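The file my_file_32.pdb comes next; it holds PDB, C-alpha atoms, pLDDT in the B column.
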```pdb
MODEL        1
ATOM      1  CA  HIS T  99      37.769 157.444 138.984  1.00 77.00           C
ATOM      2  CA  LEU T 100      37.447 156.414 135.356  1.00 88.00           C
ATOM      3  CA  ILE T 101      40.767 155.570 133.801  1.00 87.00           C
ATOM      4  CA  THR T 102      41.874 157.804 130.995  1.00 95.00           C
ATOM      5  CA  ARG T 103      42.917 156.506 127.649  1.00 95.00           C
ATOM      6  CA  ARG T 104      46.548 157.259 128.487  1.00 95.00           C
ATOM      7  CA  GLU T 105      46.313 155.262 131.726  1.00 95.00           C
ATOM      8  CA  LYS T 106      44.724 152.372 129.855  1.00 95.00           C
ATOM      9  CA  MET T 107      47.539 152.418 127.299  1.00 96.00           C
ATOM     10  CA  GLU T 108      50.147 152.465 130.077  1.00 95.00           C
ATOM     11  CA  MET T 109      48.465 149.528 131.785  1.00 95.00           C
ATOM     12  CA  ASP T 110      48.279 147.594 128.526  1.00 95.00           C
ATOM     13  CA  LYS T 111      51.948 148.274 127.844  1.00 95.00           C
ATOM     14  CA  GLN T 112      52.937 147.106 131.318  1.00 94.00           C
ATOM     15  CA  TYR T 113      50.752 144.015 130.956  1.00 94.00           C
ATOM     16  CA  ALA T 114      52.314 143.172 127.585  1.00 95.00           C
ATOM     17  CA  MET T 115      55.819 143.558 129.048  1.00 94.00           C
ATOM     18  CA  ASP T 116      54.907 141.335 131.987  1.00 93.00           C
ATOM     19  CA  ARG T 117      53.542 138.680 129.629  1.00 94.00           C
ATOM     20  CA  LYS T 118      56.686 138.789 127.472  1.00 92.00           C
ATOM     21  CA  MET T 119      58.808 138.489 130.588  1.00 89.00           C
ATOM     22  CA  ALA T 120      56.812 135.540 131.890  1.00 91.00           C
ATOM     23  CA  THR T 121      57.141 133.801 128.524  1.00 90.00           C
ATOM     24  CA  LYS T 122      60.900 134.389 128.467  1.00 87.00           C
ATOM     25  CA  MET T 123      61.259 133.018 131.974  1.00 85.00           C
ATOM     26  CA  ARG T 124      59.144 129.984 131.116  1.00 88.00           C
ATOM     27  CA  LYS T 125      61.346 129.309 128.083  1.00 87.00           C
ATOM     28  CA  ALA T 126      64.476 129.828 130.178  1.00 83.00           C
ATOM     29  CA  ARG T 127      63.255 127.292 132.722  1.00 83.00           C
ATOM     30  CA  GLN T 128      62.469 124.874 129.909  1.00 86.00           C
ATOM     31  CA  ILE T 129      65.972 125.245 128.441  1.00 83.00           C
ATOM     32  CA  MET T 130      67.489 124.844 131.889  1.00 81.00           C
ATOM     33  CA  ARG T 131      65.515 121.640 132.435  1.00 83.00           C
ATOM     34  CA  GLU T 132      66.602 120.346 129.024  1.00 84.00           C
ATOM     35  CA  GLU T 133      70.234 121.216 129.752  1.00 79.00           C
ATOM     36  CA  GLY T 134      69.902 119.699 133.226  1.00 78.00           C
ATOM     37  CA  ILE T 135      70.664 122.939 135.035  1.00 73.00           C
ATOM     38  CA  ASP T 136      69.285 123.499 138.514  1.00 70.00           C
ATOM     39  CA  MET T 137      67.153 126.643 138.864  1.00 64.00           C
ATOM     40  CA  SER T 138      69.265 127.710 141.852  1.00 67.00           C
ATOM     41  CA  HIS T 139      72.381 127.452 139.668  1.00 63.00           C
ATOM     42  CA  VAL T 140      74.567 130.548 139.755  1.00 67.00           C
ATOM     43  CA  CYS T 141      76.500 131.228 136.568  1.00 66.00           C
ATOM     44  CA  ASP T 142      80.212 131.942 136.584  1.00 67.00           C
ATOM     45  CA  ASP T 143      83.022 131.993 134.028  1.00 67.00           C
ATOM     46  CA  SER T 144      83.067 128.194 133.740  1.00 66.00           C
ATOM     47  CA  CYS T 145      79.522 128.112 132.356  1.00 69.00           C
ATOM     48  CA  ASN T 146      78.954 127.517 128.661  1.00 66.00           C
ATOM     49  CA  HIS T 147      75.207 127.927 128.257  1.00 67.00           C
ATOM     50  CA  SER T 148      73.598 128.670 124.934  1.00 67.00           C
ATOM     51  CA  GLU T 149      73.306 132.347 123.932  1.00 71.00           C
ATOM     52  CA  ASP T 150      69.532 132.344 124.500  1.00 68.00           C
ATOM     53  CA  LEU T 151      69.942 130.996 127.995  1.00 70.00           C
ATOM     54  CA  GLN T 152      72.710 133.467 128.859  1.00 69.00           C
ATOM     55  CA  GLU T 153      70.447 136.343 127.907  1.00 70.00           C
ATOM     56  CA  MET T 154      67.504 134.928 129.852  1.00 67.00           C
ATOM     57  CA  ILE T 155      69.584 134.284 132.950  1.00 63.00           C
ATOM     58  CA  GLN T 156      70.730 137.910 132.958  1.00 65.00           C
ATOM     59  CA  ILE T 157      67.138 139.094 132.570  1.00 60.00           C
ATOM     60  CA  GLY T 158      65.976 136.621 135.190  1.00 57.00           C
ATOM     61  CA  GLU T 159      68.451 137.945 137.729  1.00 57.00           C
ATOM     62  CA  SER T 160      66.922 141.402 137.486  1.00 55.00           C
ATOM     63  CA  VAL T 161      63.265 140.316 137.551  1.00 54.00           C
ATOM     64  CA  HIS T 162      61.452 137.745 139.625  1.00 55.00           C
ATOM     65  CA  VAL T 163      58.314 136.385 137.984  1.00 56.00           C
ATOM     66  CA  HIS T 164      55.858 134.655 140.290  1.00 59.00           C
ATOM     67  CA  ASP T 165      54.464 131.355 139.099  1.00 62.00           C
ATOM     68  CA  GLU T 166      53.335 127.991 140.396  1.00 65.00           C
ATOM     69  CA  THR T 167      56.915 127.038 141.358  1.00 62.00           C
ATOM     70  CA  CYS T 168      57.206 129.966 143.783  1.00 62.00           C
ATOM     71  CA  ASN T 169      56.774 129.185 147.422  1.00 61.00           C
ATOM     72  CA  HIS T 170      56.508 132.716 148.770  1.00 59.00           C
ATOM     73  CA  GLU T 171      54.198 133.366 151.685  1.00 61.00           C
ATOM     74  CA  GLU T 172      50.980 134.976 150.502  1.00 53.00           C
ATOM     75  CA  GLU T 173      50.515 138.407 152.044  1.00 48.00           C
TER      76      GLU T 173
ENDMDL
END
```
Let me see whether you can do it: turn the structure in this file into structure tokens.
Amino acid sequence: HLITRREKMEMDKQYAMDRKMATKMRKARQIMREEGIDMSHVCDDSCNHSEDLQEMIQIGESVHVHDETCNHEEE
């Protein structure tokens, strides 16, 4: 099955979104390291993270991006 142009565009769009997401998560982890926040940290009302980090944490809660720090079992 040859992929149609529409399918290719969809795949490219998905790929671009995934890349953006991965970049955001990488930056979030970097900020968290700089601010000395543990990655398992759960935010509550007492937190006073920077705006950027707040946004990334909310995004991060809804999406899990696999990277070298993951220790999931490979299927």
Could you work out how far atom CA of Thr102 of chain T lies from atom CA of Ala120 of chain T, giving the answer in Å with one decimal?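 That distance, rounded to one decimal, is 26.8 Å.
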Work out how far atom CA of Arg131 of chain T is from atom CA of Tyr113 of chain T, in Å to one decimal.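 Pair atom CA of Tyr113 of chain T / atom CA of Arg131 of chain T returns 26.8 Å.
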Provide the atom CA of Gln128 of chain T to atom CA of Glu149 of chain T distance in Å, to one decimal place.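 Atom-to-atom, atom CA of Gln128 of chain T and atom CA of Glu149 of chain T are spaced 14.5 Å apart.
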If you take every atom of segment 126-134 of chain T that the file lists and fit an axis-aligned box around them with 5 Å extra on each side, what centre and edge lengths come out in Å to one decimal, as lines of an AutoDock Vina configuration file?
```
center_x = 66.4
center_y = 124.8
center_z = 130.8
size_x = 17.8
size_y = 20.1
size_z = 14.8
```
Restricting the calculation to only C-alpha atoms: of T:Met109, T:Leu100, T:Ile135, T:Met123, which residue gets closest to Glu153 of chain T?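 For Glu153 of chain T, the nearest of the given residues is T:Met123.
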